[in-house]
file protein_16.tsv (TSV, C-alpha atoms (C1' of nucleotides))
chain	number	residue	atom	x	y	z
A	566	MET	CA	88.80	95.07	88.82
A	567	SER	CA	89.88	93.63	92.09
A	568	ILE	CA	88.97	90.44	93.82
A	569	HIS	CA	86.21	90.52	96.36
A	570	MET	CA	85.83	87.95	99.05
A	571	ARG	CA	84.44	87.78	102.51
A	572	PRO	CA	86.61	86.83	105.48
A	573	SER	CA	84.84	83.51	105.86
A	574	GLN	CA	85.57	82.72	102.23
A	575	ALA	CA	89.18	83.76	102.56
A	576	LEU	CA	89.64	81.51	105.57
A	577	ARG	CA	87.90	78.63	103.91
A	578	LEU	CA	90.06	79.06	100.84
A	579	TRP	CA	93.20	79.04	102.96
A	580	GLN	CA	92.04	75.97	104.80
A	581	GLN	CA	91.29	74.06	101.62
A	582	ALA	CA	94.61	74.94	100.07
A	583	ALA	CA	96.47	74.05	103.24
A	584	LEU	CA	94.61	70.76	103.44
A	585	ASP	CA	95.57	70.04	99.87
A	586	GLU	CA	99.21	70.72	100.57
A	587	ALA	CA	99.23	68.67	103.73
A	588	ALA	CA	97.38	65.74	102.20
A	589	ALA	CA	99.44	65.69	99.03
A	590	GLY	CA	102.50	64.72	101.02
A	591	ARG	CA	104.29	67.74	99.67
A	592	PRO	CA	106.98	69.48	101.64
A	593	ASP	CA	105.37	71.14	104.63
A	594	LEU	CA	106.52	74.70	104.06
A	595	SER	CA	106.12	77.36	106.69
A	596	PHE	CA	104.73	80.79	106.01
A	597	ARG	CA	108.22	82.17	105.82
A	598	GLN	CA	109.42	79.57	103.41
A	599	ALA	CA	106.37	80.08	101.25
A	600	ALA	CA	106.97	83.81	101.28
A	601	ILE	CA	110.57	83.32	100.19
A	602	LEU	CA	109.69	80.84	97.48
A	603	LEU	CA	106.89	82.95	96.05
A	604	THR	CA	108.98	86.09	96.16
A	605	ILE	CA	111.65	84.37	94.11
A	606	TYR	CA	109.08	83.26	91.58
A	607	LEU	CA	106.93	86.38	91.45
A	608	ASP	CA	109.23	89.31	91.93
A	609	PRO	CA	111.72	90.28	89.25
A	610	PRO	CA	115.26	88.97	89.66
A	611	PRO	CA	117.98	89.16	90.68
A	612	HIS	CA	117.35	87.80	94.15
A	613	THR	CA	120.00	87.81	96.84
A	614	VAL	CA	120.04	86.55	100.39
A	615	ARG	CA	120.27	90.06	101.69
A	616	GLY	CA	117.47	91.30	99.48
A	617	LEU	CA	115.15	88.52	100.48
A	618	ALA	CA	115.95	88.99	104.14
A	619	ALA	CA	115.13	92.67	103.87
A	620	ARG	CA	111.94	92.00	101.94
A	621	LEU	CA	110.74	89.55	104.57
A	622	ASN	CA	112.07	91.46	107.52
A	623	VAL	CA	113.96	88.42	108.78
A	624	THR	CA	117.63	87.73	109.46
A	625	LYS	CA	120.04	86.40	106.88
A	626	PRO	CA	120.46	82.97	108.44
A	627	VAL	CA	116.73	82.45	108.11
A	628	VAL	CA	117.03	82.94	104.37
A	629	THR	CA	120.17	80.84	104.13
A	630	ARG	CA	118.51	77.96	105.91
A	631	ALA	CA	115.35	78.24	103.88
A	632	LEU	CA	117.45	78.12	100.72
A	633	ASP	CA	119.28	75.09	102.07
A	634	THR	CA	116.10	73.10	102.44
A	635	MET	CA	114.44	74.37	99.30
A	636	GLY	CA	117.62	73.77	97.40
A	637	ALA	CA	117.66	70.20	98.64
A	638	LEU	CA	114.13	69.91	97.28
A	639	ASN	CA	115.32	71.39	93.99
A	640	LEU	CA	112.86	74.23	94.29
A	641	VAL	CA	115.56	76.89	93.92
A	642	SER	CA	119.24	77.03	93.03
A	643	ARG	CA	122.13	79.21	94.11
A	644	HIS	CA	124.90	80.70	92.02
A	645	ARG	CA	127.71	83.09	92.81
A	646	ASP	CA	127.40	86.41	91.12
A	647	PRO	CA	130.33	86.65	88.68
A	648	ALA	CA	130.26	90.43	88.80
A	649	ASP	CA	130.44	90.70	92.60
A	650	ARG	CA	131.54	87.41	94.02
A	651	ARG	CA	130.18	88.22	97.44
A	652	ASN	CA	126.66	87.93	96.15
A	653	VAL	CA	124.71	84.76	95.76
A	654	LEU	CA	122.01	84.89	93.14
A	655	ILE	CA	119.00	82.71	93.71
A	656	ARG	CA	117.41	81.32	90.63
A	657	ARG	CA	114.32	79.40	89.75
A	658	THR	CA	114.36	75.78	88.75
A	659	VAL	CA	112.16	73.68	86.54
A	660	GLU	CA	110.85	71.76	89.51
A	661	GLY	CA	110.20	74.92	91.46
A	662	SER	CA	108.28	76.39	88.56
A	663	LEU	CA	106.11	73.31	88.36
A	664	TYR	CA	105.52	73.39	92.09
A	665	VAL	CA	104.53	77.04	92.12
A	666	GLU	CA	102.35	76.70	89.06
A	667	SER	CA	100.39	73.77	90.36
A	668	PHE	CA	100.06	75.49	93.68
A	669	GLY	CA	98.50	78.50	92.00
A	670	ASP	CA	96.21	76.33	89.95
A	671	ARG	CA	95.00	74.55	93.05
A	672	ILE	CA	94.16	77.80	94.79
A	673	VAL	CA	92.20	78.96	91.78
A	674	ALA	CA	90.29	75.71	91.71
A	675	ARG	CA	89.51	75.92	95.40
A	676	ALA	CA	88.41	79.51	95.05
A	677	ALA	CA	85.98	78.54	92.35
A	678	GLU	CA	84.49	75.91	94.64
A	679	LEU	CA	83.91	78.26	97.53
A	680	PRO	CA	80.39	78.27	98.91
A	681	LEU	CA	78.41	81.44	99.01
B	833	MET	CA	78.51	83.31	92.74
B	834	SER	CA	81.98	81.92	93.10
B	835	ILE	CA	85.32	83.63	93.29
B	836	HIS	CA	87.29	84.01	90.12
B	837	MET	CA	90.99	84.58	90.12
B	838	ARG	CA	93.86	83.85	87.85
B	839	PRO	CA	96.81	81.75	88.99
B	840	SER	CA	99.10	84.75	89.03
B	841	GLN	CA	96.68	86.55	91.28
B	842	ALA	CA	96.32	83.56	93.56
B	843	LEU	CA	100.07	83.28	93.94
B	844	ARG	CA	100.47	86.98	94.52
B	845	LEU	CA	97.74	86.86	97.14
B	846	TRP	CA	99.44	83.99	98.89
B	847	GLN	CA	102.75	85.78	98.79
B	848	GLN	CA	101.35	88.97	100.26
B	849	ALA	CA	99.56	87.14	103.04
B	850	ALA	CA	102.64	85.08	103.82
B	851	LEU	CA	104.78	88.20	103.85
B	852	ASP	CA	102.34	89.81	106.25
B	853	GLU	CA	102.47	86.86	108.58
B	854	ALA	CA	106.23	86.64	108.45
B	855	ALA	CA	106.75	90.35	108.96
B	856	ALA	CA	104.21	90.64	111.76
B	857	GLY	CA	106.42	88.53	113.98
B	858	ARG	CA	103.56	86.14	114.46
B	859	PRO	CA	104.13	82.47	115.04
B	860	ASP	CA	105.48	80.96	111.85
B	861	LEU	CA	102.89	78.27	111.28
B	862	SER	CA	103.40	75.53	108.76
B	863	PHE	CA	100.80	74.49	106.23
B	864	ARG	CA	99.81	71.62	108.44
B	865	GLN	CA	99.43	73.72	111.50
B	866	ALA	CA	97.42	76.27	109.59
B	867	ALA	CA	95.19	73.53	108.25
B	868	ILE	CA	94.59	72.20	111.75
B	869	LEU	CA	93.91	75.61	113.21
B	870	LEU	CA	91.52	76.63	110.46
B	871	THR	CA	89.70	73.32	110.58
B	872	ILE	CA	89.09	73.81	114.27
B	873	TYR	CA	87.75	77.28	113.65
B	874	LEU	CA	85.78	76.65	110.48
B	875	ASP	CA	84.39	73.16	110.74
B	876	PRO	CA	81.64	72.35	113.22
B	877	PRO	CA	82.72	70.88	116.54
B	878	PRO	CA	83.39	68.63	118.26
B	879	HIS	CA	87.00	68.19	117.17
B	880	THR	CA	89.11	65.29	118.32
B	881	VAL	CA	92.71	64.36	117.69
B	882	ARG	CA	91.65	61.36	115.70
B	883	GLY	CA	89.16	63.33	113.65
B	884	LEU	CA	91.67	66.00	112.80
B	885	ALA	CA	94.31	63.45	111.92
B	886	ALA	CA	91.90	61.73	109.56
B	887	ARG	CA	90.77	65.01	108.02
B	888	LEU	CA	94.35	66.01	107.33
B	889	ASN	CA	95.58	62.58	106.44
B	890	VAL	CA	98.39	62.76	108.98
B	891	THR	CA	99.30	60.68	112.00
B	892	LYS	CA	97.98	61.36	115.46
B	893	PRO	CA	101.29	62.50	116.94
B	894	VAL	CA	101.40	65.23	114.35
B	895	VAL	CA	98.12	66.56	115.65
B	896	THR	CA	99.15	66.14	119.28
B	897	ARG	CA	102.31	68.10	118.70
B	898	ALA	CA	100.56	70.81	116.75
B	899	LEU	CA	98.09	71.16	119.61
B	900	ASP	CA	100.98	71.35	122.05
B	901	THR	CA	102.49	74.34	120.32
B	902	MET	CA	99.21	76.04	119.48
B	903	GLY	CA	98.03	75.43	123.00
B	904	ALA	CA	101.15	77.10	124.32
B	905	LEU	CA	100.26	80.05	122.11
B	906	ASN	CA	96.72	79.98	123.52
B	907	LEU	CA	95.30	79.48	120.07
B	908	VAL	CA	93.39	76.35	121.07
B	909	SER	CA	92.56	74.50	124.27
B	910	ARG	CA	92.09	70.84	125.14
B	911	HIS	CA	89.50	69.22	127.38
B	912	ARG	CA	88.69	65.64	128.16
B	913	ASP	CA	85.33	64.52	126.91
B	914	PRO	CA	83.21	63.82	130.00
B	915	ALA	CA	81.05	61.38	128.07
B	916	ASP	CA	83.92	59.28	126.75
B	917	ARG	CA	87.04	60.06	128.69
B	918	ARG	CA	89.28	58.65	126.01
B	919	ASN	CA	88.46	61.57	123.77
B	920	VAL	CA	90.08	64.94	123.91
B	921	LEU	CA	87.92	67.75	122.64
B	922	ILE	CA	89.72	70.67	121.08
B	923	ARG	CA	88.07	74.00	121.59
B	924	ARG	CA	88.55	77.50	120.36
B	925	THR	CA	89.93	80.27	122.48
B	926	VAL	CA	89.42	83.99	122.50
B	927	GLU	CA	92.97	84.57	121.34
B	928	GLY	CA	92.63	81.99	118.60
B	929	SER	CA	89.44	83.61	117.38
B	930	LEU	CA	91.13	86.96	117.18
B	931	TYR	CA	94.08	85.47	115.36
B	932	VAL	CA	91.91	83.70	112.80
B	933	GLU	CA	89.69	86.70	112.31
B	934	SER	CA	92.48	89.13	111.69
B	935	PHE	CA	94.12	86.62	109.41
B	936	GLY	CA	90.97	86.44	107.32
B	937	ASP	CA	90.64	90.19	107.24
B	938	ARG	CA	94.18	90.56	106.04
B	939	ILE	CA	93.64	88.14	103.19
B	940	VAL	CA	90.53	90.01	102.13
B	941	ALA	CA	92.43	93.29	102.19
B	942	ARG	CA	95.27	91.84	100.15
B	943	ALA	CA	92.84	90.35	97.67
B	944	ALA	CA	91.25	93.74	97.14
B	945	GLU	CA	94.67	95.22	96.40
B	946	LEU	CA	95.58	92.67	93.77
B	947	PRO	CA	96.65	94.10	90.45
B	948	LEU	CA	94.81	93.20	87.36
C	876	DA	C1'	148.81	98.18	100.87
C	877	DA	C1'	146.01	98.31	105.04
C	878	DA	C1'	141.72	98.86	106.97
C	879	DA	C1'	136.92	99.03	106.91
C	880	DA	C1'	132.57	97.48	105.03
C	881	DC	C1'	129.85	94.09	102.83
C	882	DG	C1'	127.48	89.53	101.67
C	883	DG	C1'	126.78	85.15	102.95
C	884	DA	C1'	127.65	81.04	105.60
C	885	DT	C1'	128.63	78.81	109.89
C	886	DA	C1'	128.72	77.67	115.13
C	887	DC	C1'	126.18	77.51	119.12
C	888	DG	C1'	122.52	76.27	122.46
C	889	DG	C1'	117.97	75.55	122.47
C	890	DT	C1'	113.29	74.38	120.57
C	891	DT	C1'	110.25	72.02	117.51
C	892	DC	C1'	109.22	68.70	114.28
C	893	DC	C1'	109.14	64.14	111.92
C	894	DG	C1'	107.60	58.89	111.49
C	895	DA	C1'	107.38	54.63	113.87
C	896	DA	C1'	106.75	52.25	117.78
C	897	DA	C1'	105.46	51.55	122.46
C	898	DC	C1'	102.51	53.37	126.22
C	899	DA	C1'	98.62	54.47	129.51
C	900	DT	C1'	93.93	55.14	130.06
C	901	DT	C1'	89.30	54.26	129.07
C	902	DC	C1'	85.50	51.92	127.19
C	903	DA	C1'	83.07	47.73	125.20
C	904	DA	C1'	82.38	42.82	124.77
C	905	DT	C1'	82.34	38.58	126.61
D	1397	DA	C1'	86.36	40.07	135.62
D	1398	DT	C1'	89.11	39.59	131.46
D	1399	DT	C1'	89.92	40.44	127.13
D	1400	DG	C1'	90.09	43.40	123.36
D	1401	DA	C1'	89.71	47.65	120.98
D	1402	DA	C1'	89.93	52.65	120.80
D	1403	DT	C1'	91.99	57.35	121.96
D	1404	DG	C1'	95.53	60.14	122.87
D	1405	DT	C1'	100.30	60.73	124.56
D	1406	DT	C1'	105.14	59.64	124.97
D	1407	DT	C1'	109.53	57.99	123.48
D	1408	DC	C1'	113.32	57.37	120.21
D	1409	DG	C1'	116.83	58.87	116.86
D	1410	DG	C1'	117.30	62.15	113.47
D	1411	DA	C1'	116.41	66.42	111.12
D	1412	DA	C1'	115.13	71.39	110.62
D	1413	DC	C1'	114.56	75.71	112.68
D	1414	DC	C1'	115.28	79.83	115.68
D	1415	DG	C1'	118.28	84.20	117.10
D	1416	DT	C1'	122.72	85.82	118.25
D	1417	DA	C1'	127.24	86.02	117.35
D	1418	DT	C1'	131.14	85.01	114.70
D	1419	DC	C1'	133.76	83.75	110.67
D	1420	DC	C1'	135.35	83.87	105.71
D	1421	DG	C1'	135.98	85.67	101.33
D	1422	DT	C1'	135.34	89.78	98.55
D	1423	DT	C1'	135.08	94.56	97.54
D	1424	DT	C1'	135.59	99.24	98.64
D	1425	DT	C1'	137.71	102.87	100.95
D	1426	DT	C1'	141.51	105.33	102.77
call {"tool": "encode", "arguments": {"input": "protein_16.tsv", "output": "structure tokens"}}
result
Amino acid sequence: MSIHMRPSQALRLWQQAALDEAAAGRPDLSFRQAAILLTIYLDPPPHTVRGLAARLNVTKPVVTRALDTMGALNLVSRHRDPADRRNVLIRRTVEGSLYVESFGDRIVARAAELPL
Amino acid sequence: MSIHMRPSQALRLWQQAALDEAAAGRPDLSFRQAAILLTIYLDPPPHTVRGLAARLNVTKPVVTRALDTMGALNLVSRHRDPADRRNVLIRRTVEGSLYVESFGDRIVARAAELPL
DNA sequence: AAAAACGGATACGGTTCCGAAACATTCAAT
DNA sequence: ATTGAATGTTTCGGAACCGTATCCGTTTTT
């Protein structure tokens, strides 16, 4: 049972959620950053820079930089892979989990409010 | 009849849409920019810098700069208000309409694909 | 052991963005 | 006509981001 919505509802939902994010004074993530963050939190680990770059079809420095800023915000953390020390494994954090969770909750709430 | 979705579905939807945007090589809009763009296209005109800034709870330069970049992308256009020449009226463009429309369509498509 | 391949970070030049403050232009009030 | 307020833009120093290319450490291959 899939989710049905009309384009106007989808756009309104996106607007409301974006307004929430902007107004809440939260970090102003870009689409790319959001995609990286959500991929880390939704897709099964392990996550590497290379893997994320391939998944998003962007270059490695883009991922490195996104991890720099999100790491500074404590939304993700980096650790060397002990097995293959070339790899960097990206892991979730408590703060990142809270951020993602509340983000999801807000979307659900906004979706429920959508006008016909 | 409102839209029901679970947080996991909302997050997955957001991820898929963000991945689409990132992969499509489209301009990498931030939440704020997206909120401004969608407000221009969803809320009834006229739209002014001040009005948008108030709606988004951001400062005026933020709106001015967002309009600079979106204007360069031909997503919006600016015109002085003939009635009160202090005002700048922000208007939609053909390209912006296409962008917003296809964005909405993509969200709808992704929503329909969501797993249970 | 030497060379090639791999994963990630860094350097570079350039663009965009931020918040705060100052700015020009226009309108309204006196 | 002057003053004052309102609207939008610009400036400033500082930060983040882009893509391309290069570098560094590690692992694999020969």
call {"tool": "calpha_fit_and_write", "arguments": {"input": "protein_16.tsv", "fixed": "chain B", "moving": "chain A", "output": "compact mmCIF listing (two decimals) with C-alpha atoms, in the frame of the given file"}}
result
# COMPACT_ATOMS: atom_id res chain seq x y z
CA MET A 566 78.54 83.21 92.69
CA SER A 567 82.01 81.91 93.09
CA ILE A 568 85.31 83.65 93.28
CA HIS A 569 87.31 84.03 90.13
CA MET A 570 91.01 84.60 90.11
CA ARG A 571 93.89 83.87 87.85
CA PRO A 572 96.82 81.75 88.99
CA SER A 573 99.13 84.74 89.03
CA GLN A 574 96.69 86.56 91.29
CA ALA A 575 96.31 83.58 93.56
CA LEU A 576 100.07 83.29 93.94
CA ARG A 577 100.47 86.97 94.53
CA LEU A 578 97.75 86.89 97.14
CA TRP A 579 99.44 83.99 98.91
CA GLN A 580 102.76 85.76 98.81
CA GLN A 581 101.36 88.97 100.26
CA ALA A 582 99.58 87.17 103.05
CA ALA A 583 102.64 85.09 103.84
CA LEU A 584 104.78 88.21 103.86
CA ASP A 585 102.35 89.82 106.25
CA GLU A 586 102.48 86.87 108.58
CA ALA A 587 106.24 86.64 108.46
CA ALA A 588 106.78 90.36 108.94
CA ALA A 589 104.26 90.69 111.74
CA GLY A 590 106.42 88.51 113.95
CA ARG A 591 103.52 86.16 114.41
CA PRO A 592 104.04 82.49 115.02
CA ASP A 593 105.45 80.95 111.87
CA LEU A 594 102.85 78.26 111.28
CA SER A 595 103.36 75.53 108.74
CA PHE A 596 100.77 74.50 106.22
CA ARG A 597 99.77 71.62 108.42
CA GLN A 598 99.40 73.73 111.49
CA ALA A 599 97.38 76.27 109.57
CA ALA A 600 95.16 73.51 108.24
CA ILE A 601 94.56 72.20 111.75
CA LEU A 602 93.89 75.62 113.20
CA LEU A 603 91.49 76.63 110.45
CA THR A 604 89.69 73.32 110.57
CA ILE A 605 89.06 73.81 114.27
CA TYR A 606 87.72 77.28 113.64
CA LEU A 607 85.75 76.64 110.47
CA ASP A 608 84.37 73.16 110.73
CA PRO A 609 81.63 72.34 113.20
CA PRO A 610 82.72 70.86 116.53
CA PRO A 611 83.41 68.62 118.25
CA HIS A 612 87.01 68.19 117.17
CA THR A 613 89.14 65.30 118.33
CA VAL A 614 92.74 64.36 117.70
CA ARG A 615 91.67 61.36 115.74
CA GLY A 616 89.17 63.31 113.68
CA LEU A 617 91.65 65.99 112.81
CA ALA A 618 94.30 63.44 111.92
CA ALA A 619 91.88 61.71 109.59
CA ARG A 620 90.75 64.98 108.04
CA LEU A 621 94.33 66.00 107.32
CA ASN A 622 95.54 62.56 106.42
CA VAL A 623 98.36 62.76 108.95
CA THR A 624 99.30 60.68 111.98
CA LYS A 625 98.02 61.33 115.47
CA PRO A 626 101.32 62.52 116.90
CA VAL A 627 101.39 65.24 114.28
CA VAL A 628 98.10 66.55 115.62
CA THR A 629 99.15 66.13 119.23
CA ARG A 630 102.31 68.11 118.66
CA ALA A 631 100.54 70.80 116.71
CA LEU A 632 98.07 71.14 119.57
CA ASP A 633 100.96 71.33 122.02
CA THR A 634 102.46 74.33 120.30
CA MET A 635 99.20 76.03 119.48
CA GLY A 636 98.02 75.42 122.99
CA ALA A 637 101.15 77.08 124.30
CA LEU A 638 100.26 80.04 122.09
CA ASN A 639 96.73 79.97 123.50
CA LEU A 640 95.28 79.48 120.06
CA VAL A 641 93.37 76.34 121.07
CA SER A 642 92.56 74.48 124.27
CA ARG A 643 92.10 70.84 125.15
CA HIS A 644 89.52 69.23 127.39
CA ARG A 645 88.70 65.64 128.21
CA ASP A 646 85.36 64.52 126.96
CA PRO A 647 83.25 63.79 130.06
CA ALA A 648 81.08 61.36 128.14
CA ASP A 649 83.96 59.25 126.80
CA ARG A 650 87.06 60.00 128.77
CA ARG A 651 89.32 58.65 126.07
CA ASN A 652 88.48 61.57 123.85
CA VAL A 653 90.08 64.95 123.95
CA LEU A 654 87.92 67.75 122.66
CA ILE A 655 89.70 70.67 121.10
CA ARG A 656 88.08 73.99 121.59
CA ARG A 657 88.54 77.50 120.35
CA THR A 658 89.91 80.27 122.48
CA VAL A 659 89.41 83.99 122.52
CA GLU A 660 92.95 84.57 121.34
CA GLY A 661 92.61 82.00 118.60
CA SER A 662 89.42 83.61 117.39
CA LEU A 663 91.12 86.97 117.20
CA TYR A 664 94.06 85.48 115.37
CA VAL A 665 91.90 83.72 112.80
CA GLU A 666 89.67 86.72 112.31
CA SER A 667 92.48 89.14 111.69
CA PHE A 668 94.10 86.64 109.42
CA GLY A 669 90.96 86.46 107.31
CA ASP A 670 90.64 90.20 107.26
CA ARG A 671 94.19 90.57 106.04
CA ILE A 672 93.64 88.16 103.18
CA VAL A 673 90.54 90.04 102.13
CA ALA A 674 92.45 93.30 102.19
CA ARG A 675 95.28 91.85 100.15
CA ALA A 676 92.85 90.38 97.66
CA ALA A 677 91.29 93.76 97.14
CA GLU A 678 94.70 95.23 96.40
CA LEU A 679 95.61 92.68 93.78
CA PRO A 680 96.73 94.11 90.46
CA LEU A 681 94.92 93.22 87.32
call {"tool": "residues_around", "arguments": {"input": "protein_16.tsv", "residues": "DG882 (chain C)", "least_positions_apart": "3", "cutoff": "8 Å", "atoms": "only C-alpha atoms (C1' of nucleotides)", "output": "ChimeraX atom specification"}}
result
/A:615,651-652
call {"tool": "closest_atom_pairs", "arguments": {"input": "protein_16.tsv", "of": "chain B", "to": "chain D", "cutoff": "12 Å", "atoms": "all atoms listed in the file", "output": "JSON lines"}}
result
{"residue": "B:Pro859", "atom": "CA", "partner": "D:DC1414", "partner_atom": "C1'", "distance": 11.5}
{"residue": "B:Asp860", "atom": "CA", "partner": "D:DC1413", "partner_atom": "C1'", "distance": 10.5}
{"residue": "B:Ser862", "atom": "CA", "partner": "D:DC1413", "partner_atom": "C1'", "distance": 11.8}
{"residue": "B:Thr880", "atom": "CA", "partner": "D:DT1403", "partner_atom": "C1'", "distance": 9.2}
{"residue": "B:Val881", "atom": "CA", "partner": "D:DG1404", "partner_atom": "C1'", "distance": 7.3}
{"residue": "B:Arg882", "atom": "CA", "partner": "D:DT1403", "partner_atom": "C1'", "distance": 7.4}
{"residue": "B:Gly883", "atom": "CA", "partner": "D:DT1403", "partner_atom": "C1'", "distance": 10.6}
{"residue": "B:Ala885", "atom": "CA", "partner": "D:DG1404", "partner_atom": "C1'", "distance": 11.5}
{"residue": "B:Thr891", "atom": "CA", "partner": "D:DG1404", "partner_atom": "C1'", "distance": 11.5}
{"residue": "B:Lys892", "atom": "CA", "partner": "D:DG1404", "partner_atom": "C1'", "distance": 7.9}
{"residue": "B:Pro893", "atom": "CA", "partner": "D:DT1405", "partner_atom": "C1'", "distance": 7.9}
{"residue": "B:Val894", "atom": "CA", "partner": "D:DT1405", "partner_atom": "C1'", "distance": 11.2}
{"residue": "B:Val895", "atom": "CA", "partner": "D:DG1404", "partner_atom": "C1'", "distance": 10.0}
{"residue": "B:Thr896", "atom": "CA", "partner": "D:DT1405", "partner_atom": "C1'", "distance": 7.6}
{"residue": "B:Arg897", "atom": "CA", "partner": "D:DT1405", "partner_atom": "C1'", "distance": 9.6}
{"residue": "B:Leu899", "atom": "CA", "partner": "D:DT1405", "partner_atom": "C1'", "distance": 11.8}
{"residue": "B:Asp900", "atom": "CA", "partner": "D:DT1405", "partner_atom": "C1'", "distance": 10.9}
{"residue": "B:Arg910", "atom": "CA", "partner": "D:DG1404", "partner_atom": "C1'", "distance": 11.5}
{"residue": "B:His911", "atom": "CA", "partner": "D:DG1404", "partner_atom": "C1'", "distance": 11.8}
{"residue": "B:Arg912", "atom": "CA", "partner": "D:DG1404", "partner_atom": "C1'", "distance": 10.2}
{"residue": "B:Asp913", "atom": "CA", "partner": "D:DT1403", "partner_atom": "C1'", "distance": 11.0}
{"residue": "B:Asp916", "atom": "CA", "partner": "D:DT1403", "partner_atom": "C1'", "distance": 9.6}
{"residue": "B:Arg917", "atom": "CA", "partner": "D:DT1403", "partner_atom": "C1'", "distance": 8.8}
{"residue": "B:Arg918", "atom": "CA", "partner": "D:DT1403", "partner_atom": "C1'", "distance": 5.0}
{"residue": "B:Asn919", "atom": "CA", "partner": "D:DT1403", "partner_atom": "C1'", "distance": 5.8}
{"residue": "B:Val920", "atom": "CA", "partner": "D:DG1404", "partner_atom": "C1'", "distance": 7.3}
{"residue": "B:Leu921", "atom": "CA", "partner": "D:DG1404", "partner_atom": "C1'", "distance": 10.8}
call {"tool": "residues_around", "arguments": {"input": "protein_16.tsv", "residues": "Leu578 (chain A)", "least_positions_apart": "2", "cutoff": "8 Å", "atoms": "only C-alpha atoms (C1' of nucleotides)", "output": "PyMOL selection string"}}
result
chain A and resi 574-576+580-582+672+675-676+679
call {"tool": "closest_atom_pairs", "arguments": {"input": "protein_16.tsv", "of": "chain C", "to": "chain A", "cutoff": "10 Å", "atoms": "all atoms listed in the file", "output": "CSV"}}
result
residue,atom,partner,partner_atom,distance
C:DC881,C1',A:Arg651,CA,8.0
C:DG882,C1',A:Arg651,CA,5.2
C:DG883,C1',A:Arg651,CA,7.2
C:DA884,C1',A:Thr629,CA,7.6
C:DT885,C1',A:Pro626,CA,9.3
call {"tool": "interface_residues", "arguments": {"input": "protein_16.tsv", "of": "chain A", "to": "chain B", "cutoff": "8 Å", "atoms": "only C-alpha atoms", "output": "PyMOL selection string"}}
result
chain A and resi 566-573+575-577+579-581+583-584+586-588+593-597+599-600+603-604+607+621-623+665-666+668-670+672-673+676-681
call {"tool": "atom_distance", "arguments": {"input": "protein_16.tsv", "atom1": "CA of Tyr664 (chain A)", "atom2": "CA of Arg591 (chain A)"}}
result
9.5 Å
call {"tool": "atom_distance", "arguments": {"input": "protein_16.tsv", "atom1": "CA of Glu660 (chain A)", "atom2": "CA of Leu640 (chain A)"}}
result
5.7 Å
call {"tool": "atom_distance", "arguments": {"input": "protein_16.tsv", "atom1": "CA of Val659 (chain A)", "atom2": "CA of Ser642 (chain A)"}}
result
10.2 Å
call {"tool": "decode", "arguments": {"input": "protein_16.tsv", "residues": "region 590-599 of chain A", "atoms": "N, CA, C and O atoms", "output": "PDB file, in the first residue's frame"}}
result
ATOM      1  N   GLY A 590      16.168  27.642  12.608  1.00  0.00           N
ATOM      2  CA  GLY A 590      17.557  28.013  12.842  1.00  0.00           C
ATOM      3  C   GLY A 590      18.477  26.826  12.800  1.00  0.00           C
ATOM      4  O   GLY A 590      19.615  26.877  13.234  1.00  0.00           O
ATOM      5  N   ARG A 591      18.005  25.747  12.211  1.00  0.00           N
ATOM      6  CA  ARG A 591      18.848  24.561  12.087  1.00  0.00           C
ATOM      7  C   ARG A 591      19.860  24.780  10.977  1.00  0.00           C
ATOM      8  O   ARG A 591      19.719  25.684  10.179  1.00  0.00           O
ATOM      9  N   PRO A 592      20.847  23.911  10.933  1.00  0.00           N
ATOM     10  CA  PRO A 592      21.820  24.015   9.844  1.00  0.00           C
ATOM     11  C   PRO A 592      21.106  23.946   8.502  1.00  0.00           C
ATOM     12  O   PRO A 592      20.235  23.102   8.295  1.00  0.00           O
ATOM     13  N   ASP A 593      21.495  24.852   7.617  1.00  0.00           N
ATOM     14  CA  ASP A 593      20.829  24.966   6.326  1.00  0.00           C
ATOM     15  C   ASP A 593      21.472  23.996   5.341  1.00  0.00           C
ATOM     16  O   ASP A 593      22.322  24.372   4.539  1.00  0.00           O
ATOM     17  N   LEU A 594      21.057  22.752   5.405  1.00  0.00           N
ATOM     18  CA  LEU A 594      21.656  21.723   4.558  1.00  0.00           C
ATOM     19  C   LEU A 594      21.209  21.887   3.112  1.00  0.00           C
ATOM     20  O   LEU A 594      20.108  22.345   2.844  1.00  0.00           O
ATOM     21  N   SER A 595      22.086  21.497   2.211  1.00  0.00           N
ATOM     22  CA  SER A 595      21.717  21.472   0.805  1.00  0.00           C
ATOM     23  C   SER A 595      21.131  20.103   0.480  1.00  0.00           C
ATOM     24  O   SER A 595      21.160  19.178   1.299  1.00  0.00           O
ATOM     25  N   PHE A 596      20.587  20.001  -0.718  1.00  0.00           N
ATOM     26  CA  PHE A 596      20.043  18.719  -1.144  1.00  0.00           C
ATOM     27  C   PHE A 596      21.089  17.622  -1.029  1.00  0.00           C
ATOM     28  O   PHE A 596      20.822  16.526  -0.548  1.00  0.00           O
ATOM     29  N   ARG A 597      22.271  17.936  -1.480  1.00  0.00           N
ATOM     30  CA  ARG A 597      23.326  16.929  -1.440  1.00  0.00           C
ATOM     31  C   ARG A 597      23.642  16.493  -0.025  1.00  0.00           C
ATOM     32  O   ARG A 597      23.800  15.303   0.255  1.00  0.00           O
ATOM     33  N   GLN A 598      23.784  17.469   0.832  1.00  0.00           N
ATOM     34  CA  GLN A 598      24.095  17.127   2.215  1.00  0.00           C
ATOM     35  C   GLN A 598      22.980  16.296   2.826  1.00  0.00           C
ATOM     36  O   GLN A 598      23.234  15.318   3.544  1.00  0.00           O
ATOM     37  N   ALA A 599      21.751  16.687   2.540  1.00  0.00           N
ATOM     38  CA  ALA A 599      20.617  15.932   3.067  1.00  0.00           C
ATOM     39  C   ALA A 599      20.648  14.504   2.535  1.00  0.00           C
ATOM     40  O   ALA A 599      20.401  13.552   3.280  1.00  0.00           O
TER      41      ALA A 599
END
